[in-house]
Amino acid sequence: MAYNFKEIEKKWQDKWDKEGTFNASNDFTNSKKWYGLIEFPYPSGQGLHVGHPRSYTALDIIARKRRMQGYNVLFPIGFDAFGLPAENYAIKTNVHPKITTEKNIKHFTDQLKSIGFSFDWSRVINTTDPEYYKWTQWIFIQLYKHGLAYKATMPINFCTGCKVGLANEEVVNGVCERCGSPVVQKEKSEWMLKITKYAQRLLDDLDDVDYLEKIKVQQRNWIGRSEGAEVKFKIANSDEELLVYTTRPDTLFGATYMVVAPEHKLIEKLANRITNLDEVKEYQNKAALKSDFERGEMNKDKTGVEIKGIKAVNPLTNEEIPIWVADYVLSSYGTGAIMAVPAHDTRDFDFATKFNLPIVQVVAPTDNSNVELPFTDVETGVSINSGFLTGLSVKDAKQKVIEYLEEKKIGEKKVNYKLRDWVFSRQRYWGEPIPMVYCEDCGWVPLDEKDLPLTLPDVKDFLPGENGESPLARHTEWINTTCPHCGKPAKRETDTMPQWAGSSWYYLRYMDPHNHEALASKEALEYWSPVDWYNGGMEHTTLHLLYSRFWHKFLYDIGVVPTKEPYAKRTSHGMILGSNGEKMSKSKGNVINPDDIVNEFGADTFRVYEMFMGPFDQPASWSMDSIRGCFKFLDRVWHLQDILVDGDTYSKECEKMMNKAIKKISNDIEDMKFNTSISTFMTMVNEFVRLKRINKAEFKTFLTLLNPFAPHITEELNEIIGADKPISSYEWPVYDEAKTIDEEIEIPVQVNGKLKCTITIALNEDDDSVKEKVHKAIDDKLDGKVIKKEIYVKNKIYNVVVK
RNA sequence: GCAGGUGUGGCGGAAUUGGCAGACGCACAGGACUCAAAAUCCUGCGAAGUAACAUUCGUGUGGGUUCGACCCCCACCACCUGCACCA
């Protein structure tokens, strides 16, 4: 009988669908729960990408294993359906995003089901469903009420293509992450979320979660904590002060000039004393026209203008030093002004060299040798030419100078973060409306919670406004409302939320997706929290992961969720590349469509191949040849039924292999080493074929182990061999450690570290007996050389050193 | 520039973490089956070398530690991924 995967897969998928086989239990008395989460897809018009199933299959394997281990498993799926592509498509074709989204979700659902994932389809969520975004809006209102959402006019990244404000995270190399158009700076009034208030906790609590180390590193870098000091510099002959932030207060004696960012307020304040105001203004204007990217481009010559007419006073040396304006100082970090220490900072050094500014060395290596400047080593440095700091190590000097500054009230210890507040407004239609109303008398007022959801009005015209206004801004009948506070006429916010909003809390909704009273019930949250294992792409480590941790911590603070962290464990999969090793894209013509693969080889082969491709966390190139090998493997598995013999226990010749395999595969799955699990399966099949027999007990265990990887074929074979219940209801096989150990082993014998031969010994054979065997084997190969030393590592290796 | 990662046959990759390098798969070659092809099955497959053994070389490069190194240490090269004038 041939392996008819089409028939088999359809049969089991229909059965699972009809019976809801994999729905998580709502019985919370079962204390053993496991919550596995994959990043829910954006239902794009292109359909499922072959990259999605890599992550989904991996967690599906773990979820299926957990069920067999007796856990109540929650393994949900949903759709992150707000976003630009549907809206851009609507602009082009005038098809409402709601229709496109619905169609795409249908398509995705069919595709996902055709691969046999054990998702709980009774819990599907969709971020564009008013019943869902009602709670997204509710969270926003809570943020607002707790002072974490505020409106600010600030320069934002404005995409000239999408005509929309972008978060810093969405700007890549000066262009829009989505459409590739240039991004310029624009002043706009935007809703902001105060993620910076949580910076320290987002950093600290990384110690309590099990994330891949590289994910933690990226989060830490993104938060970018640094310790230093703020120092006040007096402006000579004035009451004004210039506040700077520095991580090297120990180098204060070497500060030979100051630099302020072009946007710094000092220039305005002291405008009447500046003798070259025109020149300074011209520089400011030029800087304003440059994008952040242009300003930040490396290896570019530093530019700047001295602000003449005013001087700053170094608080330690009392020397008057010049003040410059230069765009290498950013207004958005620290205080927007720096003290420049050219001898010990490469940027200041470049600038000082270009403009002939004095360079004073104040730190030297411990041995006081001459070094090339700038000398930036903080580990070995010792203060010199620094008054009361001279002779101290960098660390001690920092400590001492901060004490001094604090005592004299001219400065204080200060921690800074690179993390910025989250720009939360989007001038777009296809997003959650921000549930805020502006009243002339009351200012910004949140909607009453009982009036949620604030639904997105149906519009016919999706073009953004000329000035980057939201398409909703043209909808006067929707905009005009009454103030929830005083009842007077008022206007709605027309901006919508970014795509990150809905995905910042979706894992909570899965716990109780049909709840009308709350985002999820207390019981469900208590029972299912936290997510036990979350797998997703590295591209989401700095944005989505950080945002959702922030929202979660906030919800924890206001008593909504029971845990500090949303995800106990986070892993990450490597990207699937085209067969040419490049990222799959339509323009490169190297896109593989999952439907074609499922059609030609079947879902089981597709799953096995994606797991066999290579190490899970590393990128892998698609190979049509390799996938045939996986099909061949399953075909061999199918034909094992032809050599099936009776037997209720493992046969003598296979007992060891079976026990070893259970151990290896069980461990491999936990370590996400799926590729070596599959090698183990292949080795087993080769052995059964070589022996021309497999007994029932062996086959049953084999099928159970393979079931999470290839669920359809294994269920079918299980039925064929007369099982009375499906594998998904079996217990995960256990092994007997004693039966994984060989009592007779082969060990290598080396002479001077080079392999000469191998000998067979009993496990734990006594050393003298082993020695005797070794000498019998190699004594005639020594060419009369003298044995100097013999090393025997028990049961491992025997090495003879000769001369 | 900083941080992290990777480098092993023709290719994808294994290696119990310091102990027989190349498991498993692909490709390739030979054979069986077939009128023939495909599929399937069997055998071989790092390089040099030999009739065949033997032997030598071999995990990006150069050095080191060790009885023994893909694995540890030092220096370097190449590629990938983040971040990037963050004071």
# chains A, B, ... in the order shown; residues from 1 in each chain; ligands from 1
>>> interface_residues(of="chain A", to="chain B", cutoff="6 Å", atoms="only C-alpha atoms (C1' of nucleotides)", output="PyMOL selection string")
chain A and resi 246+328+418+626+679+748+753+797
>>> residues_around(residues="C45 (chain B)", least_positions_apart="6", cutoff="10 Å", atoms="only C-alpha atoms (C1' of nucleotides)", output="CSV table (one decimal) with C-alpha atoms (C1' of nucleotides), in the first residue's frame")
chain,number,residue,atom,x,y,z
B,9,G,C1',33.8,16.8,3.1
B,28,C,C1',27.5,11.6,-6.7
B,29,A,C1',29.3,6.6,-8.3
>>> atom_distance(atom1="CA of Val561 (chain A)", atom2="CA of Ala24 (chain A)")
20.3 Å
>>> atom_distance(atom1="CA of Asp448 (chain A)", atom2="CA of Lys151 (chain A)")
19.0 Å
>>> closest_residue(among="B:C77, B:A32, B:C70, B:A37", to="U17 (chain B)", atoms="only C-alpha atoms (C1' of nucleotides)")
B:C70
>>> select_by_dssp(residues="region 518-687 of chain A", states="strand (DSSP E or B)", output="list in words")
Val531, Trp533, Tyr534, Asn535, Gly536, Gly537, Tyr567, Lys569, Arg570, Thr571, Ser572, His573, Ile576, Leu577, Lys583, Ala620, Ser621, Leu644 and Val645 of chain A
>>> atom_distance(atom1="CA of Glu600 (chain A)", atom2="CA of Phe631 (chain A)")
9.9 Å
>>> residues_around(residues="C57 (chain B)", least_positions_apart="2", cutoff="12 Å", atoms="only C-alpha atoms (C1' of nucleotides)", output="number ranges by chain")
B: 46-49, 55
>>> residues_around(residues="Lys789 (chain A)", least_positions_apart="2", cutoff="8 Å", atoms="only C-alpha atoms (C1' of nucleotides)", output="ChimeraX atom specification")
/A:787,791,800-802 /B:67
>>> closest_residue(among="B:U65, B:U8, B:U40, B:A51", to="G22 (chain B)", atoms="only C-alpha atoms (C1' of nucleotides)")
B:U8
>>> closest_residue(among="A:Val531, A:Val341, A:Cys179, A:Leu705", to="Ile38 (chain A)", atoms="only C-alpha atoms")
A:Val531
>>> closest_residue(among="A:Phe616, A:Phe554, A:Phe117, A:Trp135", to="Ala710 (chain A)", atoms="only C-alpha atoms")
A:Phe117
>>> closest_residue(among="A:Phe674, A:Tyr510, A:Tyr792, A:Tyr56", to="Asn26 (chain A)", atoms="only C-alpha atoms")
A:Tyr510
